[in-house]
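A.B. asks: The structure is given below, and queries will be raised subsequently.
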Amino acid sequence: MAKPVSIQVWNPNGKYRVISTKPMPGTRWINLLIEQDCRVEICTEKKTILSVDDIIALIGNKCDGVIGQLTEDWGDTLFAALSRAGGKAFSNMAVGYNNVDVNAANKHGVAVGNTPGVLTETTAELAASLSLAASRRIVEADEFMRAGLYDGWLPHLFVGNLLKGQTVGVIGAGRIGSAYARMMVEGFKMNLIYYDLYQSTRLEKFVTAYGEFLKSNGEQPVYWKRASTMEEVLREADVISLHPVLDKTTYHLINKDSLATMKKEAILVNCSRGPVVDEVALVEHLKQNPMFRVGLDVFEDEPFMKPGLAEMKNAVVVPHIASASKWTREGMATLAALNVLGKIKGYPIWSDPNRVEPFLNENSPPPAACPSIVNAKALGLPVSKL
Ligand SMILES: NC(=O)c1ccc[n+]([C@@H]2O[C@H](COP(=O)([O-])OP(=O)(O)OC[C@H]3O[C@@H](n4cnc5c(N)ncnc54)[C@H](O)[C@@H]3O)[C@@H](O)[C@H]2O)c1
Ligand SMILES: O=C(O)[C@H](O)CO
């Protein structure tokens, strides 16, 4: 058993004990909990990733709800501990919840929250940034400059790819994938090809309308295509960005074979989850194809990179920061806190997790609902009429 971890306590006499396994940005989330009679305990332990034992020690004998992080392993052991302590709610401070065993949560009657919507644009902007950084070789050029190697303009110096008129491919055109597609189509006049299990009519309508606008201005229009297979996207796109959920259907979706299907000078961006890409195969592909480039925010074995990746000049790598804008991170903290608070207070579940703005308006109290509970149906929780 790990030794008890250090905590900061807010509102010590609060009736409901809510734990956050990490300090989170902003103070609104703390205030919202305190106003509703919660004692808030924030783990201030220095180590970045808490173990299951650390979290069991935090939960203790009485705990009404926990706000946790995507780095934690929320399986049967933790849900059993939370349930024994009287807890009925857990929320990830993330939209992705592949670190959570939802069946185990169901078994112990614990509601599982996530934070959709508030991070859509911020994450799409990072994917767009990585697309640009990779296509225009920004990191390589920056390193070159700082190393004092620049001794004058040259026709061949850091020549990269023009995005305008090329095709952007999106795999997983949900909230973030669609936002990214719109940025790339509108910002850089790229054509779109996408693959998703579901049709994205809104995205298609957007590209059609933008194409008509360009045409009416005498410019080359843009086009969209919904691919019937992922391979079609891999074959046709010049820049491919991955935005599906991580589950058993998307594990190693990008592997040796799929990499071989892509154009030799293609750009691959991953802001979804690391294991969507077979990173060992990717390193080999980068070695064999120096004109192929990647922009990665996520890694298969975070916080580590597979051997060889750090040395690849044709890879841009950042440490899982896609949702890291101040507004988004504060909003994620708010949504996660309100998921836990709402369940403790017996509120119903918000009917549309794609429309969470009312919870984020600092000038009015949030609706009396849980913004997003992924196992609401399985637990038979009522849906809000608001
Ligand atoms: N890097 C980051 O910091 C960061 C930030 C936010 C989200 N994410 C990741 O992005 C994911 C997507 O977030 P979202 O809000 O857009 O979710 P979403 O549910 O709106 O979109 C996911 C899409 O993936 C599609 N999909 C599922 N299985 C697929 C498959 N086998 N092939 C193709 N498409 C498939 C779904 O139909 C859906 O449209 C999250 O689950 C999370 O893992 C990462
Ligand atoms: O799933 C998520 O929300 C991200 O990975 C962190 O923002």
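To be explicit about the labels: the chains of the structure tokens are called A, B, and onward in the order shown, and within each one the residues are counted from 1, while ligands get numbers from 1 in the order they are shown.
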For the contact check between chain A and ligand 2, emit one row per residue of chain A within 6 Å, containing the shortest atom pair and the distance in Å rounded to one decimal, counting only C-alpha atoms and all ligand atoms, chain then rising number order, as CSV.
C.D. replies:
```
residue,atom,partner,partner_atom_place_in_ligand_line,distance
A:Ala94,CA,ligand 2,3 (O),3.2
A:Val95,CA,ligand 2,3 (O),3.9
A:Gly96,CA,ligand 2,1 (O),3.5
A:Ser323,CA,ligand 2,7 (O),4.5
```
A.B. asks: Set the distance at 10 Å and use only C-alpha atoms: which residues neighbour Lys326 of chain A once local chain neighbours fewer than 4 positions away are removed? I'd like the list as a ChimeraX atom specification.
C.D. replies: /A:25-26,122,330-332
A.B. asks: Hey, what's within 9 Å of Ile193 of chain A if we count only C-alpha atoms and toss same-chain stuff fewer than 4 positions away? As a list of chain:residue names, please?
C.D. replies: A:Thr167, A:Val168, A:Gly169, A:Val170, A:Ile171, A:Tyr223, A:Trp224, A:Lys225, A:Arg226, A:Ala227, A:Glu232, A:Val233, A:Glu236, A:Ala237
A.B. asks: Store the residues picked out above in a file with all heavy atoms, as a short mmCIF file (atom, residue, chain, number, x, y, z; two decimals), in the first residue's frame.
C.D. replies:
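Saved as part-v5.cif:
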```
data_model
loop_
_atom_site.label_atom_id
_atom_site.label_comp_id
_atom_site.auth_asym_id
_atom_site.auth_seq_id
_atom_site.Cartn_x
_atom_site.Cartn_y
_atom_site.Cartn_z
N THR A 167 -4.91 17.77 -50.80
CA THR A 167 -6.06 17.12 -50.17
C THR A 167 -5.74 16.80 -48.72
O THR A 167 -4.71 16.18 -48.43
CB THR A 167 -6.42 15.83 -50.93
OG1 THR A 167 -6.78 16.20 -52.27
CG2 THR A 167 -7.57 15.08 -50.29
N VAL A 168 -6.65 17.23 -47.84
CA VAL A 168 -6.50 16.88 -46.43
C VAL A 168 -7.40 15.67 -46.15
O VAL A 168 -8.55 15.62 -46.59
CB VAL A 168 -6.82 18.08 -45.50
CG1 VAL A 168 -8.27 18.57 -45.63
CG2 VAL A 168 -6.54 17.72 -44.04
N GLY A 169 -6.84 14.70 -45.46
CA GLY A 169 -7.61 13.50 -45.11
C GLY A 169 -7.85 13.47 -43.61
O GLY A 169 -6.93 13.71 -42.83
N VAL A 170 -9.07 13.19 -43.23
CA VAL A 170 -9.40 13.14 -41.81
C VAL A 170 -9.95 11.75 -41.50
O VAL A 170 -10.88 11.28 -42.17
CB VAL A 170 -10.44 14.23 -41.44
CG1 VAL A 170 -10.93 14.05 -40.01
CG2 VAL A 170 -9.82 15.62 -41.60
N ILE A 171 -9.35 11.10 -40.52
CA ILE A 171 -9.85 9.79 -40.09
C ILE A 171 -10.46 9.99 -38.72
O ILE A 171 -9.77 10.34 -37.76
CB ILE A 171 -8.70 8.75 -40.10
CG1 ILE A 171 -8.24 8.57 -41.56
CG2 ILE A 171 -9.18 7.41 -39.50
CD1 ILE A 171 -7.03 7.72 -41.75
N TYR A 223 -13.41 20.70 -52.85
CA TYR A 223 -14.35 19.58 -52.94
C TYR A 223 -14.22 18.69 -51.71
O TYR A 223 -13.19 18.69 -51.04
CB TYR A 223 -14.04 18.74 -54.18
CG TYR A 223 -14.15 19.52 -55.46
CD1 TYR A 223 -13.00 19.99 -56.10
CD2 TYR A 223 -15.39 19.80 -56.01
CE1 TYR A 223 -13.10 20.72 -57.28
CE2 TYR A 223 -15.50 20.54 -57.19
CZ TYR A 223 -14.35 20.99 -57.82
OH TYR A 223 -14.45 21.73 -58.97
N TRP A 224 -15.26 17.90 -51.45
CA TRP A 224 -15.18 16.90 -50.39
C TRP A 224 -15.54 15.53 -50.94
O TRP A 224 -16.22 15.41 -51.96
CB TRP A 224 -16.12 17.24 -49.21
CG TRP A 224 -17.59 17.28 -49.58
CD1 TRP A 224 -18.30 18.39 -49.95
CD2 TRP A 224 -18.50 16.18 -49.64
NE1 TRP A 224 -19.59 18.06 -50.24
CE2 TRP A 224 -19.75 16.71 -50.05
CE3 TRP A 224 -18.39 14.81 -49.39
CZ2 TRP A 224 -20.88 15.90 -50.22
CZ3 TRP A 224 -19.52 14.01 -49.57
CH2 TRP A 224 -20.74 14.56 -49.96
N LYS A 225 -15.06 14.52 -50.22
CA LYS A 225 -15.43 13.15 -50.57
C LYS A 225 -15.49 12.35 -49.28
O LYS A 225 -14.58 12.45 -48.44
CB LYS A 225 -14.35 12.58 -51.49
CG LYS A 225 -14.55 11.14 -51.87
CD LYS A 225 -13.56 10.82 -52.99
CE LYS A 225 -13.27 9.36 -53.12
NZ LYS A 225 -12.20 9.09 -54.07
N ARG A 226 -16.55 11.57 -49.11
CA ARG A 226 -16.59 10.64 -47.98
C ARG A 226 -16.06 9.30 -48.49
O ARG A 226 -16.66 8.68 -49.37
CB ARG A 226 -18.01 10.48 -47.45
CG ARG A 226 -18.03 9.53 -46.27
CD ARG A 226 -19.40 9.32 -45.68
NE ARG A 226 -19.31 8.34 -44.60
CZ ARG A 226 -20.30 7.61 -44.17
NH1 ARG A 226 -21.52 7.78 -44.69
NH2 ARG A 226 -20.11 6.73 -43.21
N ALA A 227 -14.94 8.85 -47.93
CA ALA A 227 -14.33 7.60 -48.39
C ALA A 227 -15.08 6.41 -47.83
O ALA A 227 -15.57 6.45 -46.69
CB ALA A 227 -12.87 7.56 -47.93
N GLU A 232 -8.72 4.40 -48.83
CA GLU A 232 -8.96 5.43 -49.84
C GLU A 232 -8.35 6.76 -49.37
O GLU A 232 -7.72 7.47 -50.14
CB GLU A 232 -10.48 5.59 -49.98
CG GLU A 232 -10.98 5.63 -51.39
CD GLU A 232 -12.50 5.74 -51.38
OE1 GLU A 232 -13.16 4.88 -50.74
OE2 GLU A 232 -13.02 6.68 -52.00
N VAL A 233 -8.55 7.07 -48.09
CA VAL A 233 -7.99 8.31 -47.52
C VAL A 233 -6.47 8.23 -47.57
O VAL A 233 -5.79 9.18 -47.98
CB VAL A 233 -8.46 8.52 -46.06
CG1 VAL A 233 -7.80 9.75 -45.46
CG2 VAL A 233 -9.97 8.62 -45.99
N GLU A 236 -5.14 8.77 -51.12
CA GLU A 236 -5.40 10.03 -51.85
C GLU A 236 -4.94 11.30 -51.14
O GLU A 236 -4.69 12.31 -51.78
CB GLU A 236 -6.90 10.14 -52.14
CG GLU A 236 -7.36 9.08 -53.12
CD GLU A 236 -8.84 9.19 -53.45
OE1 GLU A 236 -9.44 10.28 -53.28
OE2 GLU A 236 -9.40 8.17 -53.87
N ALA A 237 -4.83 11.26 -49.82
CA ALA A 237 -4.59 12.52 -49.10
C ALA A 237 -3.11 12.88 -49.03
O ALA A 237 -2.24 12.00 -49.02
CB ALA A 237 -5.17 12.44 -47.70
#
```
A.B. asks: Could you please extract the residues within 7 Å of ligand 1, counting only C-alpha atoms and all ligand atoms, and hand them back as a PyMOL selection string?
C.D. replies: chain A and resi 94-97+116-117+119-120+123+171-177+195-198+243-246+249-250+271-273+297-298+320-323
A.B. asks: In Å to one decimal, how far is atom CA of Ala127 of chain A from atom CA of Lys256 of chain A?
C.D. replies: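 Atom-to-atom, atom CA of Lys256 of chain A to atom CA of Ala127 of chain A, that is 22.5 Å.
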